[in-house]
>>> print(open('final07.cif').read())   # mmCIF, C-alpha atoms
data_final
loop_
_atom_site.label_atom_id
_atom_site.label_comp_id
_atom_site.auth_asym_id
_atom_site.auth_seq_id
_atom_site.Cartn_x
_atom_site.Cartn_y
_atom_site.Cartn_z
CA MET A 1 -23.98 -10.07 -4.39
CA PHE A 2 -23.23 -7.08 -6.63
CA LYS A 3 -26.77 -5.81 -7.04
CA ILE A 4 -26.82 -2.01 -7.43
CA SER A 5 -30.03 -0.15 -6.63
CA TYR A 6 -28.91 3.48 -6.26
CA LYS A 7 -30.59 6.15 -8.37
CA TYR A 8 -28.06 8.46 -10.01
CA PRO A 9 -27.84 10.10 -13.44
CA ARG A 10 -25.76 8.16 -15.97
CA ARG A 11 -22.94 10.70 -15.83
CA GLU A 12 -22.76 10.34 -12.05
CA TYR A 13 -22.72 6.54 -12.32
CA ALA A 14 -19.90 6.80 -14.84
CA GLY A 15 -17.89 8.80 -12.28
CA PHE A 16 -18.48 6.16 -9.60
CA ILE A 17 -17.50 3.35 -11.97
CA LEU A 18 -14.35 5.10 -13.19
CA SER A 19 -13.15 6.12 -9.72
CA ALA A 20 -13.84 2.70 -8.17
CA SER A 21 -12.20 0.78 -11.03
CA ILE A 22 -8.85 2.58 -11.06
CA LEU A 23 -7.26 1.08 -7.92
CA PRO A 24 -8.24 -2.52 -8.85
CA LEU A 25 -6.87 -1.93 -12.37
CA TYR A 26 -3.58 -0.69 -10.96
CA LEU A 27 -3.46 -4.01 -9.09
CA SER A 28 -4.13 -6.03 -12.23
CA MET A 29 -2.32 -7.53 -15.22
CA PHE A 30 -3.80 -4.94 -17.59
CA ARG A 31 -0.52 -3.23 -18.46
CA TYR A 32 1.23 -3.19 -21.81
CA SER A 33 4.62 -2.27 -23.24
CA PHE A 34 4.51 0.56 -25.75
CA PHE A 35 7.78 1.79 -27.31
CA GLY A 36 9.73 0.70 -24.25
CA ALA A 37 7.31 2.25 -21.76
CA THR A 38 4.78 0.42 -19.58
CA ILE A 39 1.24 1.71 -20.14
CA ARG A 40 -1.39 0.82 -17.55
CA LEU A 41 -5.08 0.86 -18.35
CA ALA A 42 -5.57 2.45 -14.91
CA ASP A 43 -3.40 5.44 -15.88
CA LEU A 44 -5.50 6.06 -18.98
CA LEU A 45 -8.75 5.89 -17.01
CA LEU A 46 -7.36 8.17 -14.30
CA PHE A 47 -6.31 10.68 -16.95
CA ALA A 48 -9.86 10.57 -18.37
CA LEU A 49 -11.32 11.00 -14.87
CA VAL A 50 -9.10 14.03 -14.23
CA LEU A 51 -10.23 15.65 -17.49
CA ILE A 52 -13.90 14.99 -16.67
CA ASN A 53 -13.57 16.58 -13.24
CA LEU A 54 -11.57 19.53 -14.56
CA VAL A 55 -14.49 20.31 -16.87
CA ASN A 56 -17.44 19.43 -14.60
CA ARG A 57 -16.12 19.79 -11.07
CA PRO A 58 -12.86 21.81 -10.97
CA LYS A 59 -13.29 22.78 -7.30
CA ILE A 60 -12.60 19.18 -6.33
CA PHE A 61 -8.88 19.89 -6.83
CA TYR A 62 -8.99 22.51 -4.05
CA ASN A 63 -8.74 19.46 -1.78
CA PHE A 64 -5.05 19.36 -2.63
CA PHE A 65 -4.65 22.14 -0.06
CA GLN A 66 -6.47 20.53 2.85
CA VAL A 67 -4.66 20.22 6.18
CA ARG A 68 -4.25 16.44 6.13
CA LEU A 69 -2.21 16.70 2.91
CA ILE A 70 0.44 18.96 4.46
CA PRO A 71 2.77 15.99 5.28
CA VAL A 72 2.47 14.83 1.65
CA TRP A 73 3.43 18.27 0.34
CA VAL A 74 6.32 18.37 2.81
CA PHE A 75 7.44 14.96 1.54
CA VAL A 76 7.27 16.07 -2.11
CA VAL A 77 9.35 19.17 -1.35
CA TYR A 78 11.78 16.99 0.60
CA LEU A 79 12.13 14.66 -2.40
CA LEU A 80 13.23 17.57 -4.58
CA ILE A 81 15.63 18.94 -1.95
CA ASN A 82 17.05 15.44 -1.45
CA GLY A 83 17.61 15.15 -5.21
CA LEU A 84 19.44 18.48 -5.29
CA PHE A 85 21.57 17.43 -2.31
CA HIS A 86 22.62 14.22 -4.06
CA ASN A 87 23.09 16.05 -7.37
CA ASP A 88 20.62 13.66 -9.04
CA ILE A 89 17.37 15.55 -9.45
CA GLU A 90 15.70 13.55 -12.26
CA PRO A 91 14.76 10.45 -10.20
CA SER A 92 13.48 12.74 -7.42
CA ILE A 93 11.26 14.64 -9.87
CA LYS A 94 9.92 11.31 -11.13
CA GLU A 95 9.14 10.15 -7.56
CA ALA A 96 7.51 13.49 -6.73
CA ILE A 97 5.27 13.33 -9.83
CA GLN A 98 4.35 9.72 -9.05
CA THR A 99 3.39 10.65 -5.48
CA LEU A 100 1.25 13.58 -6.63
CA TRP A 101 -0.39 11.43 -9.34
CA VAL A 102 -1.39 8.87 -6.70
CA MET A 103 -2.80 11.67 -4.53
CA VAL A 104 -4.81 13.02 -7.51
CA PHE A 105 -6.54 9.65 -7.67
CA PHE A 106 -7.32 9.55 -3.95
CA ILE A 107 -8.62 13.12 -3.91
CA ILE A 108 -11.10 12.32 -6.69
CA ALA A 109 -11.93 8.86 -5.30
CA SER A 110 -12.56 10.26 -1.82
CA PHE A 111 -15.17 12.63 -3.29
CA TYR A 112 -17.18 9.68 -4.63
CA ALA A 113 -16.52 7.55 -1.55
CA LYS A 114 -17.83 10.33 0.66
CA LYS A 115 -20.89 10.84 -1.56
CA ASN A 116 -21.90 7.17 -1.31
CA SER A 117 -19.40 4.94 0.44
CA SER A 118 -21.60 1.85 0.19
CA LEU A 119 -21.75 2.09 -3.60
CA PHE A 120 -18.08 2.97 -3.90
CA LEU A 121 -17.03 0.02 -1.72
CA GLN A 122 -19.32 -2.34 -3.63
CA LEU A 123 -17.89 -1.25 -7.00
CA THR A 124 -14.31 -1.47 -5.71
CA VAL A 125 -14.88 -5.04 -4.54
CA PHE A 126 -16.50 -5.89 -7.88
CA PHE A 127 -13.52 -4.64 -9.92
CA LEU A 128 -11.04 -6.31 -7.56
CA PHE A 129 -12.98 -9.53 -8.13
CA LEU A 130 -12.64 -9.09 -11.92
CA SER A 131 -8.91 -8.41 -11.55
CA VAL A 132 -8.41 -11.54 -9.43
CA LEU A 133 -10.57 -13.62 -11.78
CA TYR A 134 -8.53 -12.56 -14.82
CA THR A 135 -5.24 -13.30 -13.03
CA VAL A 136 -6.42 -16.77 -11.98
CA PHE A 137 -7.67 -17.71 -15.46
CA PHE A 138 -4.52 -16.35 -17.10
CA HIS A 139 -2.34 -18.62 -14.94
CA LEU A 140 -4.66 -21.61 -15.30
CA ILE A 141 -4.45 -21.33 -19.09
CA ASN A 142 -0.65 -21.26 -18.78
CA GLY A 143 -0.65 -24.36 -16.57
CA GLN A 144 0.12 -22.60 -13.25
CA TYR A 145 -2.33 -23.74 -10.59
CA LEU A 146 -0.48 -22.46 -7.51
CA GLY A 147 1.69 -19.41 -6.83
CA TYR A 148 0.88 -17.01 -9.64
CA LYS A 149 4.42 -15.94 -10.56
CA LEU A 150 3.41 -13.91 -13.63
CA ALA A 151 0.95 -11.72 -11.74
CA GLY A 152 3.31 -8.85 -10.88
CA ASP A 153 1.43 -6.14 -8.97
CA ALA A 154 -1.82 -8.07 -9.58
CA LYS A 155 -0.94 -10.44 -6.73
CA TYR A 156 -1.70 -7.66 -4.24
CA ALA A 157 -5.35 -7.63 -5.35
CA PHE A 158 -6.01 -11.03 -3.75
CA GLY A 159 -5.53 -9.91 -0.15
CA LEU A 160 -7.27 -6.58 -0.69
CA LEU A 161 -10.31 -8.31 -2.21
CA SER A 162 -10.66 -10.60 0.81
CA LEU A 163 -10.16 -7.73 3.25
CA LEU A 164 -12.76 -5.39 1.71
CA SER A 165 -15.20 -8.30 1.27
CA LEU A 166 -14.84 -9.02 4.98
CA PHE A 167 -15.52 -5.38 5.80
CA ARG A 168 -18.62 -5.33 3.60
CA ALA A 169 -19.93 -8.35 5.47
CA THR A 170 -19.25 -6.98 8.96
CA ILE A 171 -20.37 -3.39 8.32
CA ASN A 172 -23.66 -4.42 6.71
CA LYS A 173 -24.07 -7.63 8.75
CA ASP A 174 -24.60 -9.32 5.40
CA LYS A 175 -24.47 -13.13 5.37
CA VAL A 176 -24.25 -13.23 1.57
CA ALA A 177 -21.22 -10.91 1.68
CA LEU A 178 -19.70 -13.13 4.39
CA ARG A 179 -20.05 -16.19 2.14
CA PHE A 180 -18.44 -14.20 -0.67
CA PHE A 181 -15.53 -13.35 1.67
CA LEU A 182 -15.04 -17.05 2.41
CA LEU A 183 -15.09 -17.71 -1.33
CA THR A 184 -12.34 -15.11 -1.93
CA LEU A 185 -10.07 -17.01 0.45
CA ILE A 186 -9.77 -19.81 -2.13
CA PRO A 187 -7.87 -17.78 -4.78
CA LEU A 188 -5.98 -15.98 -1.99
CA PHE A 189 -4.53 -19.24 -0.66
CA LEU A 190 -4.01 -20.64 -4.18
CA SER A 191 -1.98 -17.54 -5.03
CA LEU A 192 0.40 -18.34 -2.13
CA GLU A 193 0.70 -14.57 -1.66
CA ARG A 194 2.08 -14.57 1.88
CA LYS A 195 1.68 -10.83 2.48
CA GLY A 196 -2.01 -10.97 1.62
CA ILE A 197 -2.64 -14.17 3.61
CA PHE A 198 -0.90 -12.86 6.75
CA GLY A 199 -2.47 -9.42 6.37
CA VAL A 200 -6.01 -10.78 6.10
CA SER A 201 -5.36 -13.20 8.98
CA ILE A 202 -4.20 -10.35 11.21
CA ALA A 203 -7.24 -8.26 10.18
CA VAL A 204 -9.59 -11.13 11.09
CA VAL A 205 -7.96 -11.59 14.51
CA VAL A 206 -7.87 -7.85 15.29
CA LEU A 207 -11.44 -7.35 14.08
CA SER A 208 -12.59 -10.22 16.30
CA LEU A 209 -10.85 -8.64 19.29
CA PHE A 210 -12.37 -5.25 18.46
CA TYR A 211 -15.84 -6.74 18.46
CA LEU A 212 -15.27 -7.95 22.01
CA ILE A 213 -14.66 -4.31 22.96
CA LYS A 214 -18.04 -2.62 22.84
CA ALA A 215 -17.05 0.87 24.00
CA ARG A 216 -15.01 3.39 22.07
CA PRO A 217 -11.57 3.82 23.72
CA THR A 218 -10.80 7.19 25.30
CA LYS A 219 -7.87 9.38 24.24
CA GLY A 220 -6.09 8.45 27.45
CA GLU A 221 -6.45 4.74 26.71
CA VAL A 222 -5.16 5.20 23.16
CA LYS A 223 -2.14 7.14 24.45
CA LEU A 224 -1.51 4.42 27.02
CA ILE A 225 -1.57 1.76 24.29
CA PHE A 226 0.95 3.66 22.13
CA ILE A 227 3.24 4.36 25.11
CA SER A 228 3.07 0.71 26.17
CA ILE A 229 4.02 -0.44 22.66
CA ALA A 230 6.92 2.05 22.50
CA VAL A 231 8.23 1.02 25.94
CA SER A 232 7.93 -2.69 25.06
CA VAL A 233 9.88 -2.20 21.83
CA ALA A 234 12.56 -0.16 23.65
CA PHE A 235 12.98 -2.86 26.34
CA ALA A 236 13.10 -5.60 23.69
CA LEU A 237 15.83 -3.78 21.74
CA TYR A 238 17.81 -3.10 24.94
CA PHE A 239 17.78 -6.66 26.27
CA PHE A 240 18.05 -8.39 22.90
CA ASP A 241 21.41 -6.75 22.03
CA PHE A 242 20.30 -5.97 18.50
CA ASN A 243 23.64 -4.54 17.38
CA SER A 244 25.57 -7.70 18.25
CA PHE A 245 23.02 -9.84 16.44
CA ILE A 246 23.21 -7.69 13.27
CA SER A 247 27.01 -7.55 13.40
CA ASN A 248 27.16 -11.35 13.56
CA GLU A 249 24.71 -11.68 10.65
CA ILE A 250 26.72 -9.20 8.57
CA TYR A 251 29.88 -11.19 9.26
CA LEU A 252 28.19 -14.42 8.13
CA ALA A 253 26.88 -12.63 5.01
CA ASN A 254 30.47 -12.23 3.85
CA PHE A 255 30.46 -15.98 3.16
CA LEU A 256 27.25 -15.92 1.11
CA ASP A 257 27.03 -18.59 -1.59
CA GLU A 258 25.66 -16.42 -4.41
CA GLU A 259 24.65 -19.45 -6.48
CA VAL A 260 22.41 -20.64 -3.64
CA ALA A 261 21.07 -17.13 -2.97
CA LEU A 262 20.13 -16.73 -6.63
CA TYR A 263 17.62 -19.58 -6.40
CA THR A 264 16.62 -19.31 -2.72
CA SER A 265 14.36 -16.32 -2.18
CA ASN A 266 14.55 -16.20 1.63
CA ILE A 267 18.36 -16.25 1.72
CA HIS A 268 18.55 -13.58 -0.99
CA ARG A 269 16.05 -11.25 0.70
CA GLU A 270 17.68 -11.63 4.10
CA ASN A 271 21.01 -10.68 2.55
CA LEU A 272 19.45 -7.67 0.80
CA LEU A 273 18.13 -6.46 4.18
CA LEU A 274 21.56 -6.82 5.79
CA ASN A 275 23.21 -4.91 2.96
CA SER A 276 20.52 -2.22 3.18
CA TYR A 277 21.19 -1.91 6.92
CA GLN A 278 24.86 -1.20 6.21
CA ILE A 279 23.95 1.44 3.61
CA ILE A 280 21.54 3.08 6.09
CA MET A 281 24.25 3.20 8.77
CA GLU A 282 26.54 5.01 6.31
CA HIS A 283 23.82 7.47 5.17
CA PRO A 284 21.34 7.67 8.08
CA LEU A 285 19.73 11.11 7.75
CA LEU A 286 19.29 11.85 4.03
CA GLY A 287 19.80 8.41 2.50
CA VAL A 288 21.47 7.84 -0.85
CA GLY A 289 18.81 9.41 -3.08
CA ALA A 290 15.92 8.18 -5.22
CA ASP A 291 16.47 4.98 -7.24
CA ARG A 292 20.11 4.68 -6.15
CA ILE A 293 19.90 1.61 -3.94
CA THR A 294 20.91 -0.74 -6.75
CA TYR A 295 24.01 1.38 -7.43
CA TYR A 296 25.15 0.87 -3.83
CA MET A 297 24.26 -2.84 -3.93
CA TYR A 298 27.02 -3.38 -6.51
CA ASP A 299 29.50 -3.28 -3.61
CA TYR A 300 28.04 -6.47 -2.12
CA TYR A 301 27.64 -8.87 -5.06
CA TRP A 302 29.71 -10.37 -7.85
CA ASP A 303 26.62 -11.69 -9.64
CA GLU A 304 24.64 -8.70 -10.94
CA ARG A 305 21.44 -10.78 -11.01
CA LEU A 306 21.32 -10.54 -7.20
CA ILE A 307 21.33 -6.74 -7.19
CA ASN A 308 17.94 -5.42 -6.11
CA GLY A 309 16.12 -3.30 -3.55
CA ALA A 310 15.43 -4.42 0.00
CA HIS A 311 11.91 -5.79 -0.77
CA ASN A 312 10.75 -3.84 2.26
CA PHE A 313 9.02 -0.48 1.81
CA TYR A 314 10.25 1.05 5.07
CA VAL A 315 13.85 -0.14 4.60
CA ASP A 316 13.84 1.03 0.97
CA MET A 317 12.59 4.44 2.08
CA LEU A 318 15.34 4.64 4.72
CA VAL A 319 17.96 3.80 2.11
CA HIS A 320 16.57 6.28 -0.44
CA TYR A 321 15.58 9.22 1.76
CA GLY A 322 17.01 8.52 5.21
CA VAL A 323 15.38 8.85 8.61
CA ILE A 324 14.00 12.31 7.74
CA GLY A 325 12.08 11.07 4.68
CA LEU A 326 10.64 8.05 6.47
CA LEU A 327 9.56 10.13 9.48
CA ILE A 328 7.69 12.54 7.20
CA LEU A 329 5.73 9.65 5.68
CA ILE A 330 5.03 8.03 9.05
CA SER A 331 3.83 11.39 10.38
CA TRP A 332 1.19 11.34 7.62
CA SER A 333 -0.02 7.90 8.75
CA LEU A 334 -0.18 8.93 12.40
CA HIS A 335 -2.00 12.13 11.47
CA GLN A 336 -4.57 10.12 9.49
CA ILE A 337 -5.15 7.77 12.43
CA TYR A 338 -5.56 10.75 14.75
CA LEU A 339 -8.09 12.42 12.42
CA CYS A 340 -10.12 9.23 12.17
CA PHE A 341 -10.12 8.78 15.94
CA LYS A 342 -11.01 12.44 16.46
CA SER A 343 -13.97 12.18 14.07
CA LYS A 344 -17.31 10.86 15.29
CA CYS A 345 -17.20 8.12 12.65
CA PHE A 346 -15.69 5.36 14.78
CA HIS A 347 -15.60 2.07 12.88
CA LYS A 348 -13.56 -0.94 13.92
CA GLU A 349 -13.09 -1.83 10.24
CA LEU A 350 -11.43 1.53 9.70
CA TYR A 351 -8.57 0.74 12.09
CA CYS A 352 -8.18 -2.80 10.72
CA PHE A 353 -7.79 -1.16 7.33
CA TYR A 354 -4.86 0.87 8.70
CA ILE A 355 -3.27 -2.19 10.27
CA TYR A 356 -3.51 -4.12 7.00
CA SER A 357 -2.05 -1.25 4.93
CA ILE A 358 0.84 -0.67 7.35
CA PHE A 359 1.63 -4.41 7.64
CA VAL A 360 1.43 -5.49 3.98
CA ILE A 361 3.74 -2.82 2.58
CA THR A 362 6.45 -3.97 4.98
CA PHE A 363 7.19 -6.78 2.54
CA MET A 364 6.73 -4.83 -0.71
CA SER A 365 9.31 -3.04 -2.85
CA THR A 366 8.85 0.65 -3.53
CA GLY A 367 6.73 1.54 -6.57
CA GLN A 368 3.33 2.79 -7.61
CA ALA A 369 1.48 -0.24 -6.22
CA VAL A 370 2.97 0.17 -2.75
CA LEU A 371 2.23 3.91 -2.77
CA LEU A 372 -1.39 3.16 -3.61
CA ILE A 373 -1.72 0.77 -0.67
CA PHE A 374 0.21 3.09 1.68
CA PHE A 375 -1.99 6.10 0.83
CA MET A 376 -5.20 4.08 0.57
CA PRO A 377 -6.21 5.02 4.15
CA PHE A 378 -6.71 8.52 2.69
CA LEU A 379 -10.18 7.18 1.83
CA ASN A 380 -10.88 6.76 5.55
CA PRO A 381 -13.34 7.30 7.05
CA TYR A 382 -15.26 7.91 3.81
CA MET A 383 -15.05 4.32 2.62
CA PHE A 384 -16.80 2.97 5.72
CA LEU A 385 -19.45 5.58 6.42
CA ASN A 386 -22.30 3.69 4.72
CA HIS A 387 -23.92 6.64 2.99
CA ASP A 388 -27.16 5.71 1.22
#
>>> encode(input="final07.cif", output="structure tokens")
Amino acid sequence: MFKISYKYPRREYAGFILSASILPLYLSMFRYSFFGATIRLADLLLFALVLINLVNRPKIFYNFFQVRLIPVWVFVVYLLINGLFHNDIEPSIKEAIQTLWVMVFFIIASFYAKKNSSLFLQLTVFFLFLSVLYTVFFHLINGQYLGYKLAGDAKYAFGLLSLLSLFRATINKDKVALRFFLLTLIPLFLSLERKGIFGVSIAVVVLSLFYLIKARPTKGEVKLIFISIAVSVAFALYFFDFNSFISNEIYLANFLDEEVALYTSNIHRENLLLNSYQIIMEHPLLGVGADRITYYMYDYYWDERLINGAHNFYVDMLVHYGVIGLLILISWSLHQIYLCFKSKCFHKELYCFYIYSIFVITFMSTGQAVLLIFFMPFLNPYMFLNHD
């Protein structure tokens, strides 16, 4: 299953192994507290990889100035301006550094993925498998056989492992890889990680539909699809009377039983979304600033244990940075999709990868893990080119 037969010098292999292992290690339980700070093994390996490339291949960092990174640079500048506007620059600097650090990884990883995408994808799946295996054994030893509550960010590795295993099977038409994909569904369902399960299910359905479509869609057809989706959403919002529905839900939220919400995840998260909606309506354009959502949540709860973010990446971004910040990020995603469509490397798996990334982060809180998954399509189309 993980047989590697490519001929590269040892130093080159080390680069492939390091670059392919970093994302799975970010989505793992290999993180440790050190003098009050959380140290991830992935951060240490990425730092080593940066040093290696600064010495051996410094020109790789020129890729920071490529056209498709312009929206990211605009977003970083916006973060700093937003921090100055809210007179709270430190959290904005932290978010800007975190965003750039994530992009450093993808710039280096895309170099290796472009050089040999088949090897890079194989190694990524292998390290995701190790991450999932460690998480499963850790919980089994601690007597947890379902719903791995101690996993943290490691729970996101389950869905990603199944997704990339599926892509390996379909791209290479590999029956062994297909059996491995079916095997990965066992820990995925045992983890009860709903985001991963739904995301992989959607990818399977969409990929099946794509395979029924033999021809590449034209630009006109793609535009028609996007316009149809936009018009459908607009009609749905108009006829559904969204504002009345939200107003009624907000009114009912005033009678929230906080003791019940504390131990009922769905009720708590629904209430967080309603409170976030009210904050967004009060600060629609520029938001409230980085890491300030919990400060504003104090107005809605007596019990401080209920205070949290929205558990929704897009809503959290709207609260933090307003409509302007979210639109800048979405423009990056749309630009990436356009570049992939414009390229001659048309792969159905590539677009399923986008759908998965966009869907899964909907139910994730902001942080380094969600940024990694959001920006992971930066590896497209390199990750699915099948270089040999």
>>> closest_residue(input="final07.cif", among="A:Ser201, A:Phe313, A:Leu121, A:Ala290", to="A:Glu90", atoms="all atoms listed in the file")
A:Ala290
>>> residues_around(input="final07.cif", residues="A:Phe138", least_positions_apart="3", cutoff="12 Å", atoms="all atoms listed in the file", output="CSV table (one decimal) with C-alpha atoms, in the coordinates of the input")
chain,number,residue,atom,x,y,z
A,28,SER,CA,-4.1,-6.0,-12.2
A,29,MET,CA,-2.3,-7.5,-15.2
A,30,PHE,CA,-3.8,-4.9,-17.6
A,131,SER,CA,-8.9,-8.4,-11.6
A,132,VAL,CA,-8.4,-11.5,-9.4
A,133,LEU,CA,-10.6,-13.6,-11.8
A,134,TYR,CA,-8.5,-12.6,-14.8
A,135,THR,CA,-5.2,-13.3,-13.0
A,141,ILE,CA,-4.4,-21.3,-19.1
A,142,ASN,CA,-0.6,-21.3,-18.8
A,143,GLY,CA,-0.6,-24.4,-16.6
A,144,GLN,CA,0.1,-22.6,-13.2
A,145,TYR,CA,-2.3,-23.7,-10.6
A,148,TYR,CA,0.9,-17.0,-9.6
A,149,LYS,CA,4.4,-15.9,-10.6
A,150,LEU,CA,3.4,-13.9,-13.6
A,151,ALA,CA,1.0,-11.7,-11.7
A,154,ALA,CA,-1.8,-8.1,-9.6
>>> residues_around(input="final07.cif", residues="stretch 206-212 of chain A", least_positions_apart="5", cutoff="10 Å", atoms="only C-alpha atoms", output="list in words")
Leu166, Phe167, Thr170, Val200, Ser201, His347, Lys348, Glu349, Leu350, Tyr351, Cys352, Phe353 and Ile355 of chain A
>>> residues_near_point(input="final07.cif", point="(22.8, 4.2, 4.6)", cutoff="12 Å", atoms="only C-alpha atoms", output="PyMOL selection string")
chain A and resi 273-289+292-293+296-297+315-323
>>> atom_distance(input="final07.cif", atom1="atom CA of A:Phe374", atom2="atom CA of A:Ser333")
8.6 Å
>>> atom_distance(input="final07.cif", atom1="atom CA of A:Leu146", atom2="atom CA of A:Leu192")
6.8 Å
>>> closest_residue(input="final07.cif", among="A:Asn254, A:Leu272, A:Asp291, A:Ser228", to="A:Gly83", atoms="all atoms listed in the file")
A:Asp291
>>> resolve_selection(input="final07.cif", expression="the PyMOL selection byres ((chain A and resi 73) around 12)", output="number ranges by chain")
A: 64-72, 74-80, 96-97, 99-100, 103, 328-329, 332
>>> residues_around(input="final07.cif", residues="A:Phe47", least_positions_apart="5", cutoff="12 Å", atoms="all atoms listed in the file", output="list in words")
Leu18, Ser19, Ile22, Arg40, Leu41, Ala42, Ile52, Asn53, Leu54, Trp101, Val102, Val104, Phe105 and Ile108 of chain A
>>> atom_distance(input="final07.cif", atom1="atom CA of A:Gln368", atom2="atom CA of A:Asp153")
9.2 Å
>>> resolve_selection(input="final07.cif", expression="the PyMOL selection byres ((chain A and resi 157) around 10)", output="compact mmCIF listing (two decimals) with C-alpha atoms, in the coordinates of the input")
# COMPACT_ATOMS: atom_id res chain seq x y z
CA LEU A 23 -7.26 1.08 -7.92
CA PRO A 24 -8.24 -2.52 -8.85
CA LEU A 25 -6.87 -1.93 -12.37
CA TYR A 26 -3.58 -0.69 -10.96
CA LEU A 27 -3.46 -4.01 -9.09
CA SER A 28 -4.13 -6.03 -12.23
CA VAL A 125 -14.88 -5.04 -4.54
CA PHE A 127 -13.52 -4.64 -9.92
CA LEU A 128 -11.04 -6.31 -7.56
CA PHE A 129 -12.98 -9.53 -8.13
CA LEU A 130 -12.64 -9.09 -11.92
CA SER A 131 -8.91 -8.41 -11.55
CA VAL A 132 -8.41 -11.54 -9.43
CA THR A 135 -5.24 -13.30 -13.03
CA ALA A 151 0.95 -11.72 -11.74
CA ASP A 153 1.43 -6.14 -8.97
CA ALA A 154 -1.82 -8.07 -9.58
CA LYS A 155 -0.94 -10.44 -6.73
CA TYR A 156 -1.70 -7.66 -4.24
CA PHE A 158 -6.01 -11.03 -3.75
CA GLY A 159 -5.53 -9.91 -0.15
CA LEU A 160 -7.27 -6.58 -0.69
CA LEU A 161 -10.31 -8.31 -2.21
CA SER A 162 -10.66 -10.60 0.81
CA LEU A 163 -10.16 -7.73 3.25
CA LEU A 188 -5.98 -15.98 -1.99
CA GLU A 193 0.70 -14.57 -1.66
CA GLY A 196 -2.01 -10.97 1.62
>>> residues_around(input="final07.cif", residues="A:Phe180", least_positions_apart="4", cutoff="9 Å", atoms="only C-alpha atoms", output="list in words")
Met1, Ser162, Ser165, Leu166, Ala169, Lys175, Val176, Thr184 and Leu185 of chain A
>>> closest_residue(input="final07.cif", among="A:Leu164, A:Ile17, A:Val231, A:Leu84", to="A:Phe120", atoms="only C-alpha atoms")
A:Ile17
>>> build_atoms(input="final07.cif", residues="stretch 349-362 of chain A", atoms="N, CA and C atoms", output="PDB file, in the frame of the given file")
ATOM      1  N   GLU A 349     -13.651  -1.458  11.540  1.00  0.00           N
ATOM      2  CA  GLU A 349     -13.090  -1.830  10.240  1.00  0.00           C
ATOM      3  C   GLU A 349     -12.060  -0.806   9.770  1.00  0.00           C
ATOM      4  N   LEU A 350     -12.310   0.453  10.117  1.00  0.00           N
ATOM      5  CA  LEU A 350     -11.430   1.530   9.700  1.00  0.00           C
ATOM      6  C   LEU A 350     -10.013   1.316  10.227  1.00  0.00           C
ATOM      7  N   TYR A 351      -9.887   0.941  11.497  1.00  0.00           N
ATOM      8  CA  TYR A 351      -8.570   0.740  12.090  1.00  0.00           C
ATOM      9  C   TYR A 351      -7.922  -0.552  11.599  1.00  0.00           C
ATOM     10  N   CYS A 352      -8.719  -1.568  11.322  1.00  0.00           N
ATOM     11  CA  CYS A 352      -8.180  -2.800  10.720  1.00  0.00           C
ATOM     12  C   CYS A 352      -7.605  -2.507   9.336  1.00  0.00           C
ATOM     13  N   PHE A 353      -8.252  -1.578   8.642  1.00  0.00           N
ATOM     14  CA  PHE A 353      -7.790  -1.160   7.330  1.00  0.00           C
ATOM     15  C   PHE A 353      -6.392  -0.545   7.435  1.00  0.00           C
ATOM     16  N   TYR A 354      -6.187   0.290   8.456  1.00  0.00           N
ATOM     17  CA  TYR A 354      -4.860   0.870   8.700  1.00  0.00           C
ATOM     18  C   TYR A 354      -3.840  -0.212   9.007  1.00  0.00           C
ATOM     19  N   ILE A 355      -4.201  -1.131   9.881  1.00  0.00           N
ATOM     20  CA  ILE A 355      -3.270  -2.190  10.270  1.00  0.00           C
ATOM     21  C   ILE A 355      -2.842  -3.010   9.060  1.00  0.00           C
ATOM     22  N   TYR A 356      -3.815  -3.345   8.205  1.00  0.00           N
ATOM     23  CA  TYR A 356      -3.510  -4.120   7.000  1.00  0.00           C
ATOM     24  C   TYR A 356      -2.556  -3.337   6.102  1.00  0.00           C
ATOM     25  N   SER A 357      -2.866  -2.069   5.837  1.00  0.00           N
ATOM     26  CA  SER A 357      -2.050  -1.250   4.930  1.00  0.00           C
ATOM     27  C   SER A 357      -0.626  -1.111   5.451  1.00  0.00           C
ATOM     28  N   ILE A 358      -0.492  -0.857   6.755  1.00  0.00           N
ATOM     29  CA  ILE A 358       0.840  -0.670   7.350  1.00  0.00           C
ATOM     30  C   ILE A 358       1.623  -1.978   7.330  1.00  0.00           C
ATOM     31  N   PHE A 359       0.943  -3.115   7.569  1.00  0.00           N
ATOM     32  CA  PHE A 359       1.630  -4.410   7.640  1.00  0.00           C
ATOM     33  C   PHE A 359       2.067  -4.895   6.266  1.00  0.00           C
ATOM     34  N   VAL A 360       1.167  -4.869   5.288  1.00  0.00           N
ATOM     35  CA  VAL A 360       1.430  -5.490   3.980  1.00  0.00           C
ATOM     36  C   VAL A 360       2.595  -4.824   3.264  1.00  0.00           C
ATOM     37  N   ILE A 361       2.681  -3.489   3.328  1.00  0.00           N
ATOM     38  CA  ILE A 361       3.740  -2.820   2.580  1.00  0.00           C
ATOM     39  C   ILE A 361       5.123  -3.073   3.168  1.00  0.00           C
ATOM     40  N   THR A 362       5.167  -3.624   4.382  1.00  0.00           N
ATOM     41  CA  THR A 362       6.450  -3.970   4.980  1.00  0.00           C
ATOM     42  C   THR A 362       7.239  -4.909   4.082  1.00  0.00           C
TER      43      THR A 362
END
